[in-house]
Structure formats: C-alpha cells, structure tokens
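What follows is input-v3.cif (mmCIF, C-alpha atoms).
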data_entry
loop_
_atom_site.label_atom_id
_atom_site.label_comp_id
_atom_site.auth_asym_id
_atom_site.auth_seq_id
_atom_site.Cartn_x
_atom_site.Cartn_y
_atom_site.Cartn_z
CA MET A 1 21.33 11.34 -10.87
CA MET A 2 24.42 9.23 -10.31
CA ASN A 3 27.07 8.43 -12.90
CA VAL A 4 26.74 4.67 -13.28
CA ASP A 5 28.99 4.00 -16.27
CA SER A 6 32.04 3.14 -14.16
CA TYR A 7 30.24 0.09 -12.76
CA GLY A 8 29.42 -1.49 -16.12
CA SER A 9 30.33 -4.87 -17.54
CA TYR A 10 29.26 -6.96 -20.54
CA ALA A 11 28.16 -10.58 -20.85
CA ASN A 12 27.67 -12.75 -23.94
CA VAL A 13 23.95 -13.54 -23.86
CA ASN A 14 22.01 -15.18 -26.72
CA GLY A 15 24.01 -13.37 -29.38
CA LEU A 16 24.04 -10.07 -27.45
CA LYS A 17 26.89 -8.29 -25.77
CA MET A 18 24.59 -7.45 -22.86
CA TYR A 19 25.39 -4.54 -20.57
CA TYR A 20 24.89 -4.79 -16.82
CA GLU A 21 26.07 -3.08 -13.65
CA VAL A 22 26.59 -4.42 -10.14
CA HIS A 23 26.19 -2.17 -7.11
CA GLY A 24 26.40 -3.08 -3.42
CA GLN A 25 26.41 -6.44 -1.66
CA GLY A 26 23.78 -8.81 -0.36
CA ARG A 27 20.89 -10.74 -1.87
CA PRO A 28 20.71 -10.06 -5.63
CA LEU A 29 18.05 -7.68 -6.95
CA PHE A 30 17.75 -7.33 -10.73
CA LEU A 31 16.57 -3.97 -12.06
CA LEU A 32 14.83 -4.16 -15.43
CA PRO A 33 14.21 -0.80 -17.17
CA GLY A 34 11.35 0.39 -19.36
CA ALA A 35 10.64 1.37 -22.96
CA VAL A 36 13.41 3.70 -24.19
CA SER A 37 15.14 3.83 -20.80
CA GLY A 38 18.60 2.72 -19.89
CA VAL A 39 19.91 2.17 -16.37
CA SER A 40 20.42 5.86 -15.65
CA THR A 41 17.06 7.24 -16.81
CA ALA A 42 15.10 4.37 -15.26
CA PHE A 43 16.88 3.79 -11.95
CA GLY A 44 19.71 6.30 -11.52
CA SER A 45 18.19 7.97 -8.47
CA LEU A 46 17.13 4.67 -6.85
CA ILE A 47 20.27 2.57 -7.24
CA PRO A 48 22.31 4.15 -4.38
CA LEU A 49 19.36 3.66 -2.01
CA LEU A 50 18.55 0.09 -3.02
CA ALA A 51 22.23 -0.92 -3.05
CA ALA A 52 22.67 0.04 0.61
CA ASP A 53 21.80 -3.52 1.65
CA ARG A 54 21.39 -5.43 -1.63
CA GLN A 55 23.49 -6.55 -4.56
CA VAL A 56 21.77 -4.55 -7.29
CA ILE A 57 22.20 -5.82 -10.86
CA ALA A 58 20.89 -3.22 -13.32
CA LEU A 59 20.87 -4.18 -16.99
CA GLU A 60 19.99 -2.86 -20.44
CA PHE A 61 17.95 -4.90 -22.92
CA GLN A 62 18.65 -5.59 -26.58
CA GLY A 63 19.15 -2.28 -28.40
CA TYR A 64 18.81 -0.19 -25.23
CA GLY A 65 21.68 2.04 -24.11
CA HIS A 66 25.03 0.23 -24.00
CA THR A 67 23.60 -3.05 -25.38
CA ALA A 68 23.80 -3.11 -29.16
CA ASP A 69 20.82 -4.28 -31.17
CA ILE A 70 20.54 -7.46 -33.20
CA PRO A 71 18.90 -5.89 -36.29
CA GLU A 72 17.17 -9.03 -37.52
CA ARG A 73 15.76 -9.96 -34.07
CA PRO A 74 12.49 -8.21 -33.14
CA LEU A 75 11.79 -7.14 -29.59
CA SER A 76 9.46 -9.31 -27.53
CA TYR A 77 8.76 -9.79 -23.84
CA GLU A 78 9.54 -13.49 -24.17
CA GLN A 79 12.94 -12.96 -25.81
CA LEU A 80 13.93 -10.22 -23.37
CA ALA A 81 12.96 -12.52 -20.48
CA ASP A 82 15.08 -15.33 -21.92
CA ASP A 83 18.01 -12.90 -22.19
CA VAL A 84 17.73 -12.02 -18.49
CA ILE A 85 17.44 -15.68 -17.53
CA THR A 86 20.60 -16.44 -19.51
CA LEU A 87 22.40 -13.49 -17.89
CA SER A 88 21.52 -14.88 -14.45
CA GLN A 89 23.10 -18.18 -15.49
CA VAL A 90 26.24 -16.41 -16.72
CA LEU A 91 26.46 -14.64 -13.35
CA GLU A 92 25.78 -17.96 -11.54
CA ILE A 93 22.72 -16.56 -9.75
CA ASN A 94 20.17 -19.28 -9.01
CA ASN A 95 17.60 -17.16 -7.18
CA ALA A 96 17.04 -13.41 -6.98
CA ASP A 97 14.40 -10.71 -6.60
CA PHE A 98 13.29 -8.66 -9.60
CA PHE A 99 12.23 -5.01 -9.87
CA GLY A 100 10.81 -4.27 -13.30
CA TYR A 101 9.55 -0.92 -14.53
CA SER A 102 7.19 -0.60 -17.52
CA THR A 103 8.58 -2.91 -20.22
CA GLY A 104 10.89 -4.32 -17.56
CA ALA A 105 7.90 -5.18 -15.38
CA GLY A 106 6.39 -7.24 -18.19
CA VAL A 107 9.75 -8.95 -18.64
CA ALA A 108 9.89 -9.72 -14.91
CA LEU A 109 6.39 -11.21 -15.08
CA GLN A 110 7.48 -13.38 -18.02
CA ILE A 111 10.55 -14.55 -16.07
CA ALA A 112 8.29 -15.61 -13.19
CA MET A 113 6.19 -17.66 -15.63
CA ARG A 114 9.11 -19.10 -17.63
CA LYS A 115 11.63 -19.76 -14.84
CA PRO A 116 9.80 -19.72 -11.48
CA SER A 117 12.71 -21.22 -9.55
CA LEU A 118 14.79 -18.12 -10.33
CA VAL A 119 12.36 -15.64 -8.74
CA GLY A 120 12.13 -14.88 -5.02
CA LYS A 121 10.02 -11.71 -4.99
CA LEU A 122 8.64 -9.50 -7.75
CA ILE A 123 8.27 -5.73 -7.86
CA LEU A 124 6.15 -4.79 -10.87
CA ALA A 125 5.92 -1.05 -11.52
CA SER A 126 3.55 0.07 -14.31
CA CYS A 127 2.95 -3.48 -15.48
CA THR A 128 0.43 -4.78 -17.99
CA PHE A 129 -0.45 -8.34 -18.91
CA ASN A 130 -3.11 -7.42 -21.45
CA SER A 131 -3.24 -4.58 -23.99
CA ASN A 132 -6.63 -3.56 -22.59
CA GLY A 133 -4.90 -2.49 -19.40
CA ARG A 134 -3.24 0.47 -21.10
CA HIS A 135 -4.76 3.92 -20.83
CA PRO A 136 -7.06 4.62 -23.80
CA GLN A 137 -5.27 7.93 -24.47
CA LEU A 138 -1.87 6.22 -24.75
CA GLY A 139 -1.98 6.27 -28.56
CA GLY A 140 -1.51 10.04 -28.55
CA LEU A 141 1.56 9.74 -26.35
CA GLU A 142 3.12 7.00 -28.47
CA SER A 143 3.03 9.34 -31.46
CA LEU A 144 5.84 11.23 -29.70
CA LEU A 145 8.07 8.15 -29.83
CA THR A 146 10.05 9.61 -32.73
CA VAL A 147 13.39 11.31 -33.18
CA GLU A 148 11.69 14.73 -33.20
CA GLY A 149 9.33 13.87 -30.35
CA LEU A 150 12.20 12.81 -28.07
CA LYS A 151 14.69 15.47 -29.17
CA GLY A 152 16.46 16.97 -26.16
CA THR A 153 14.94 14.51 -23.66
CA PRO A 154 16.99 12.52 -21.14
CA TYR A 155 16.17 9.38 -23.16
CA GLU A 156 17.82 10.74 -26.30
CA THR A 157 20.75 12.14 -24.34
CA GLU A 158 21.37 8.83 -22.58
CA TYR A 159 21.15 6.80 -25.78
CA LEU A 160 23.45 9.06 -27.78
CA ARG A 161 25.96 9.02 -24.92
CA THR A 162 25.96 5.26 -24.25
CA ALA A 163 24.94 3.38 -27.41
CA PRO A 164 27.67 1.53 -29.33
CA ARG A 165 26.08 2.92 -32.53
CA PRO A 166 24.35 6.24 -31.73
CA GLU A 167 23.24 6.49 -35.36
CA ASP A 168 20.84 3.57 -34.68
CA TRP A 169 18.55 5.82 -32.58
CA PRO A 170 15.85 6.19 -35.30
CA ARG A 171 15.85 2.46 -36.03
CA HIS A 172 15.69 1.66 -32.32
CA LEU A 173 12.64 3.89 -31.87
CA ALA A 174 10.96 2.19 -34.84
CA LYS A 175 11.54 -1.23 -33.24
CA VAL A 176 10.21 -0.03 -29.89
CA THR A 177 7.11 1.38 -31.62
CA ALA A 178 6.47 -1.98 -33.32
CA PHE A 179 6.99 -3.75 -30.00
CA ASN A 180 4.51 -1.46 -28.23
CA LYS A 181 1.89 -2.06 -30.92
CA ALA A 182 2.04 -5.85 -30.64
CA LEU A 183 -1.00 -7.41 -28.98
CA GLN A 184 -0.40 -8.41 -25.38
CA ASP A 185 -2.79 -11.03 -24.04
CA TRP A 186 -1.22 -13.29 -21.43
CA PRO A 187 -3.48 -15.97 -19.93
CA ALA A 188 -4.75 -15.02 -16.49
CA ASP A 189 -4.42 -18.65 -15.45
CA ASP A 190 -0.67 -18.62 -16.16
CA ILE A 191 -0.23 -15.51 -14.02
CA SER A 192 -2.34 -16.90 -11.17
CA HIS A 193 0.02 -19.89 -10.93
CA ILE A 194 2.99 -17.65 -10.07
CA LYS A 195 4.02 -18.40 -6.48
CA ALA A 196 6.41 -15.49 -5.95
CA PRO A 197 5.01 -12.68 -3.75
CA ALA A 198 4.62 -9.48 -5.75
CA LEU A 199 4.49 -5.77 -5.01
CA ILE A 200 2.35 -4.13 -7.70
CA ILE A 201 3.01 -0.39 -8.13
CA ALA A 202 1.28 2.10 -10.41
CA GLY A 203 0.88 5.86 -10.53
CA ASP A 204 -2.58 7.33 -10.23
CA ALA A 205 -1.97 9.09 -13.58
CA ASP A 206 -0.07 6.20 -15.16
CA ILE A 207 -0.30 4.68 -18.63
CA VAL A 208 -1.54 1.57 -16.81
CA GLN A 209 -5.14 1.93 -15.70
CA PRO A 210 -5.63 1.51 -11.92
CA GLU A 211 -8.25 -1.18 -12.48
CA HIS A 212 -5.65 -3.22 -14.36
CA ALA A 213 -3.15 -2.92 -11.51
CA VAL A 214 -5.84 -4.18 -9.13
CA ALA A 215 -6.65 -7.08 -11.47
CA LEU A 216 -2.98 -8.08 -11.58
CA PHE A 217 -2.80 -7.79 -7.78
CA ARG A 218 -5.75 -10.18 -7.44
CA LEU A 219 -4.26 -12.66 -9.91
CA LEU A 220 -1.08 -12.74 -7.83
CA GLY A 221 -2.94 -13.57 -4.62
CA GLY A 222 -3.94 -10.15 -3.35
CA GLY A 223 -7.34 -8.95 -2.22
CA THR A 224 -7.98 -11.12 0.83
CA LEU A 225 -9.16 -9.67 4.13
CA GLY A 226 -5.99 -8.97 6.08
CA GLU A 227 -7.48 -9.58 9.49
CA LEU A 228 -8.22 -13.15 8.41
CA SER A 229 -5.35 -13.86 6.03
CA MET A 230 -2.75 -11.26 5.05
CA PRO A 231 -1.81 -11.79 1.39
CA ALA A 232 1.85 -12.18 0.46
CA SER A 233 1.39 -9.79 -2.47
CA GLN A 234 0.92 -6.04 -2.03
CA LEU A 235 -0.50 -3.11 -4.01
CA ALA A 236 0.55 0.55 -4.08
CA ILE A 237 -0.98 3.37 -6.12
CA LEU A 238 1.32 6.41 -5.93
CA PRO A 239 -0.51 9.74 -5.67
CA GLY A 240 0.11 12.50 -8.19
CA THR A 241 2.34 10.24 -10.27
CA MET A 242 2.54 9.90 -14.06
CA HIS A 243 4.32 7.05 -15.79
CA THR A 244 7.60 8.76 -16.65
CA ALA A 245 8.01 10.10 -13.10
CA LEU A 246 7.28 6.89 -11.23
CA THR A 247 10.85 5.76 -10.52
CA THR A 248 11.83 9.27 -9.41
CA LYS A 249 9.57 8.94 -6.35
CA THR A 250 12.56 7.77 -4.35
CA VAL A 251 11.22 8.42 -0.83
CA LEU A 252 8.00 6.48 -1.41
CA LEU A 253 9.60 3.69 -3.40
CA THR A 254 12.58 3.11 -1.12
CA ALA A 255 10.33 2.80 1.92
CA MET A 256 7.85 0.38 0.38
CA VAL A 257 10.38 -1.67 -1.62
CA SER A 258 12.71 -2.11 1.34
CA ALA A 259 9.82 -3.18 3.58
CA PHE A 260 8.49 -5.60 0.96
CA LEU A 261 11.86 -7.23 0.31
#
As structure tokens, please, write out the structure in this file.
Amino acid sequence: MMNVDSYGSYANVNGLKMYYEVHGQGRPLFLLPGAVSGVSTAFGSLIPLLAADRQVIALEFQGYGHTADIPERPLSYEQLADDVITLSQVLEINNADFFGYSTGAGVALQIAMRKPSLVGKLILASCTFNSNGRHPQLGGLESLLTVEGLKGTPYETEYLRTAPRPEDWPRHLAKVTAFNKALQDWPADDISHIKAPALIIAGDADIVQPEHAVALFRLLGGGTLGELSMPASQLAILPGTMHTALTTKTVLLTAMVSAFL
C-alpha cells in the first residue's frame, strides 16, 4: 500500500478543512471512500494504477482521516455530496468522473442527482439506494463498529495516524453508526433520470445484496439486449469478494474501470 500523505492538500469547504490528494494527469477522476475508510485504506493499492492516465483526486469526508469533524453537523449523504460539489468548484473542475466505494458510492449517486452537469461517468462499488438493499445479516457486523471491535485494524491505525484529533475516534465511530442506521429510501424515479453512464460493482459476498446491484443497474439504463442495443451502463459482480476486500481486487478493477472510462 502506497504512502499517500506527501500528496495531500486542504481546501476550505462548507466549514470544513477538507483533505484531498491529486495524483497523475489527465481527465479528473474523483475517488470517494467508504464508511470508516480514508484514502489509504480505501484506495491505496488502486491509486498508482488509476493515476497512470488520469488525474486522480482522492478525498476524505467530514470526520474521516485528515479531515476534522464538525461536531454539531451530522453525517448525511446529501451533505457529503454537497461538500464534494463545493470542492470541485474550489478546484475549478466543471466535469469529472466519479468512483465511489460504499458510503462514497452513495455520495457519488447523490452528486449525479444533485449536480448532473458535473458528472461524466459513475463507478459505484457496493452502492445502495434503499436500506432494503443491505444484507440482512449486516446488523451483526455493524455491532463491531466500536473502539474495541476495530482495535488493531487498518481503519483504526489510519485514523490515529492521520486525524487532526486522534482522540475523536470513539465519537467518530458513534456518528458513523448513527449515519448507517438512518433510513435510506431514494426515489427510483430520481435515479432513473440520471444520464451519466454507470459501472455498478459488487462482491458476490458483499454487504449489498446482488439483487439490489441488479436493480440499480436497471434503473441506470442497464438490462437491454446487447445485440439490439448495448446499454451505456455496465454491471460487474466480483467472485469470491466480501465488502472490505472489494477495492483490493486491483487486477479485476483496473481492467474493468479502465475499459469503462
């Protein structure tokens, strides 16, 4: 996993001092991480490969990694999407592609609904648009989202190494838990009006149920008979892949992402 800290910068975004990194040159590709991930744990192994022919902009959301929390501001997909949109304006980027993973995928989907002119193509890895799309056994896994449950993990190590206030780790986990428990129910009609082509990715042992990934694929224009009309959107279910390992599948992901973009 690469050391990405030397590439980092900060931008003033909606009251945040938001951390981001820029790697490579070319058309901009935003990388949006998941749950308790920062840039390194979410995309560290992918960034050198994606940046070979793209300008990769990897960022950290409110309270994640290098970006300090705003204690009185709860986490929401809508607010996180607005933060990314504002960051794009600060960086004077009018159109880009977006690769979101887990929470970041939901944020990318919100960006496509809230600011369609900003989005060229979407890569949505482990993405839900409705709480019913989550695996029914996920509740047992979320019980591990505690200081003790994450002790010694790469997520804890990254946070304690990068956070402006490492002592906020317990409070951050509490906010993420509340965020994960909030009902998600985005109108299918709003999603179906997204024009950007999308690559939907899920693991076959993911926290997102495969049926939900297929439903999202269909909402974004997939499912037609290719011999008659090849859809602009694509679907990939990665074999033998659980949620936390998805972005480590560098060979599979680099091949399909590069071809899609």
Self-check item: Spatial neighbours of Leu49 (chain A), max dist 12 Å, only C-alpha atoms, sep filter under 2 positions, as a list in words
Solution: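 Here the answer would be Met1, Met2, His23, Gly24, Phe43, Gly44, Ser45, Leu46, Ile47, Ala51, Ala52, Asp53, Arg54, Gln55, Val56, Thr248, Lys249, Thr250, Val251, Leu252, Leu253, Thr254, Ala255, Val257 and Ser258 of chain A.
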Restricting the output to C-alpha atoms, write the selected residues as a compact mmCIF listing (two decimals), in the frame of the given file.
# COMPACT_ATOMS: atom_id res chain seq x y z
CA MET A 1 21.33 11.34 -10.87
CA MET A 2 24.42 9.23 -10.31
CA HIS A 23 26.19 -2.17 -7.11
CA GLY A 24 26.40 -3.08 -3.42
CA PHE A 43 16.88 3.79 -11.95
CA GLY A 44 19.71 6.30 -11.52
CA SER A 45 18.19 7.97 -8.47
CA LEU A 46 17.13 4.67 -6.85
CA ILE A 47 20.27 2.57 -7.24
CA ALA A 51 22.23 -0.92 -3.05
CA ALA A 52 22.67 0.04 0.61
CA ASP A 53 21.80 -3.52 1.65
CA ARG A 54 21.39 -5.43 -1.63
CA GLN A 55 23.49 -6.55 -4.56
CA VAL A 56 21.77 -4.55 -7.29
CA THR A 248 11.83 9.27 -9.41
CA LYS A 249 9.57 8.94 -6.35
CA THR A 250 12.56 7.77 -4.35
CA VAL A 251 11.22 8.42 -0.83
CA LEU A 252 8.00 6.48 -1.41
CA LEU A 253 9.60 3.69 -3.40
CA THR A 254 12.58 3.11 -1.12
CA ALA A 255 10.33 2.80 1.92
CA VAL A 257 10.38 -1.67 -1.62
CA SER A 258 12.71 -2.11 1.34
Quiz prompt | Radius query 12 Å about (12.1, -22.0, -9.4), atoms used: all atoms listed in the file, as a ChimeraX atom specification | solution = /A:85,93-97,111-121,194-196
Practice problem: Using the chain letters and residue numbers of this document, give as a PyMOL selection string the residues selected by the PyMOL selection byres ((chain A and resi 233-239) around 9). | Solution: chain A and resi 122+196-205+210+213-214+217-218+220-223+230-232+240-242+246+249+252+256+260
Practice problem: Pick out the residues sitting within 8 Å of Ala35 (chain A), and hand them over as a ChimeraX atom specification; count all atoms listed in the file, and ignore anything fewer than 6 positions along from it in its own chain. | Solution: /A:102-104,176
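Each of A:Glu211, A:Asp185, A:Asp190, A:Asp83 was checked against Phe129 (chain A) using only C-alpha atoms; the smallest atom-to-atom distance is that of A:Asp185.
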Practice problem: Step by step, work through what the PyMOL selection byres ((chain A and resi 75) around 12) selects in the shown file, and finish by giving those residues as a ChimeraX atom specification. | Solution: /A:35,61-64,69-74,76-83,103,107,172-182
Selection from above, C-alpha atoms, as an mmCIF file, in the coordinates of the input, can you write it?
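Output contents, as saved in part_15.cif:
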data_model
loop_
_atom_site.group_PDB
_atom_site.id
_atom_site.type_symbol
_atom_site.label_atom_id
_atom_site.label_comp_id
_atom_site.auth_asym_id
_atom_site.auth_seq_id
_atom_site.Cartn_x
_atom_site.Cartn_y
_atom_site.Cartn_z
ATOM 1 C CA ALA A 35 10.640 1.370 -22.960
ATOM 2 C CA PHE A 61 17.950 -4.900 -22.920
ATOM 3 C CA GLN A 62 18.650 -5.590 -26.580
ATOM 4 C CA GLY A 63 19.150 -2.280 -28.400
ATOM 5 C CA TYR A 64 18.810 -0.190 -25.230
ATOM 6 C CA ASP A 69 20.820 -4.280 -31.170
ATOM 7 C CA ILE A 70 20.540 -7.460 -33.200
ATOM 8 C CA PRO A 71 18.900 -5.890 -36.290
ATOM 9 C CA GLU A 72 17.170 -9.030 -37.520
ATOM 10 C CA ARG A 73 15.760 -9.960 -34.070
ATOM 11 C CA PRO A 74 12.490 -8.210 -33.140
ATOM 12 C CA SER A 76 9.460 -9.310 -27.530
ATOM 13 C CA TYR A 77 8.760 -9.790 -23.840
ATOM 14 C CA GLU A 78 9.540 -13.490 -24.170
ATOM 15 C CA GLN A 79 12.940 -12.960 -25.810
ATOM 16 C CA LEU A 80 13.930 -10.220 -23.370
ATOM 17 C CA ALA A 81 12.960 -12.520 -20.480
ATOM 18 C CA ASP A 82 15.080 -15.330 -21.920
ATOM 19 C CA ASP A 83 18.010 -12.900 -22.190
ATOM 20 C CA THR A 103 8.580 -2.910 -20.220
ATOM 21 C CA VAL A 107 9.750 -8.950 -18.640
ATOM 22 C CA HIS A 172 15.690 1.660 -32.320
ATOM 23 C CA LEU A 173 12.640 3.890 -31.870
ATOM 24 C CA ALA A 174 10.960 2.190 -34.840
ATOM 25 C CA LYS A 175 11.540 -1.230 -33.240
ATOM 26 C CA VAL A 176 10.210 -0.030 -29.890
ATOM 27 C CA THR A 177 7.110 1.380 -31.620
ATOM 28 C CA ALA A 178 6.470 -1.980 -33.320
ATOM 29 C CA PHE A 179 6.990 -3.750 -30.000
ATOM 30 C CA ASN A 180 4.510 -1.460 -28.230
ATOM 31 C CA LYS A 181 1.890 -2.060 -30.920
ATOM 32 C CA ALA A 182 2.040 -5.850 -30.640
#
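Each of A:Phe99, A:Val147, A:Leu87, A:Gln25 was checked against Pro48 (chain A) using all atoms listed in the file; the smallest atom-to-atom distance is that of A:Gln25.
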Quiz prompt | Nearest candidate to Leu32 (chain A) (options A:Val90, A:Leu145, A:Leu228, A:Ala105; using only C-alpha atoms) | solution =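 The shortest atom-to-atom distance to Leu32 (chain A) comes from A:Ala105.
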Quiz item: What is the distance, in Å and to one decimal place, between CA of His243 (chain A) and CA of Thr128 (chain A)?
Solution: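 Computing it gives 12.6 Å between the two atoms.
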Tell me, as a compact mmCIF listing (two decimals) with C-alpha atoms, in the frame of the given file, which residues lie within 9 Å of Lys17 (chain A), counting only C-alpha atoms; anything in the same chain fewer than 2 positions away does not count.
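Final output, saved to out.txt:
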# COMPACT_ATOMS: atom_id res chain seq x y z
CA TYR A 10 29.26 -6.96 -20.54
CA ALA A 11 28.16 -10.58 -20.85
CA ASN A 12 27.67 -12.75 -23.94
CA VAL A 13 23.95 -13.54 -23.86
CA ASN A 14 22.01 -15.18 -26.72
CA GLY A 15 24.01 -13.37 -29.38
CA TYR A 19 25.39 -4.54 -20.57
CA GLN A 62 18.65 -5.59 -26.58
CA HIS A 66 25.03 0.23 -24.00
CA THR A 67 23.60 -3.05 -25.38
CA ALA A 68 23.80 -3.11 -29.16
Quiz item: From the list A:Ala163, A:Leu144, A:Leu109, A:Ile207, which residue is nearest Thr244 (chain A) when using all atoms listed in the file?
Solution: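 Once distances to Thr244 (chain A) are computed over all atoms listed in the file, the minimum belongs to A:Ile207.
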Quiz item: With all atoms listed in the file as the atoms that count, which of A:Gly38, A:Gly100, A:Gly8, A:Gly133 lies nearest to Asp206 (chain A)?
Solution: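 Distance minimum relative to Asp206 (chain A) lands on A:Gly133.
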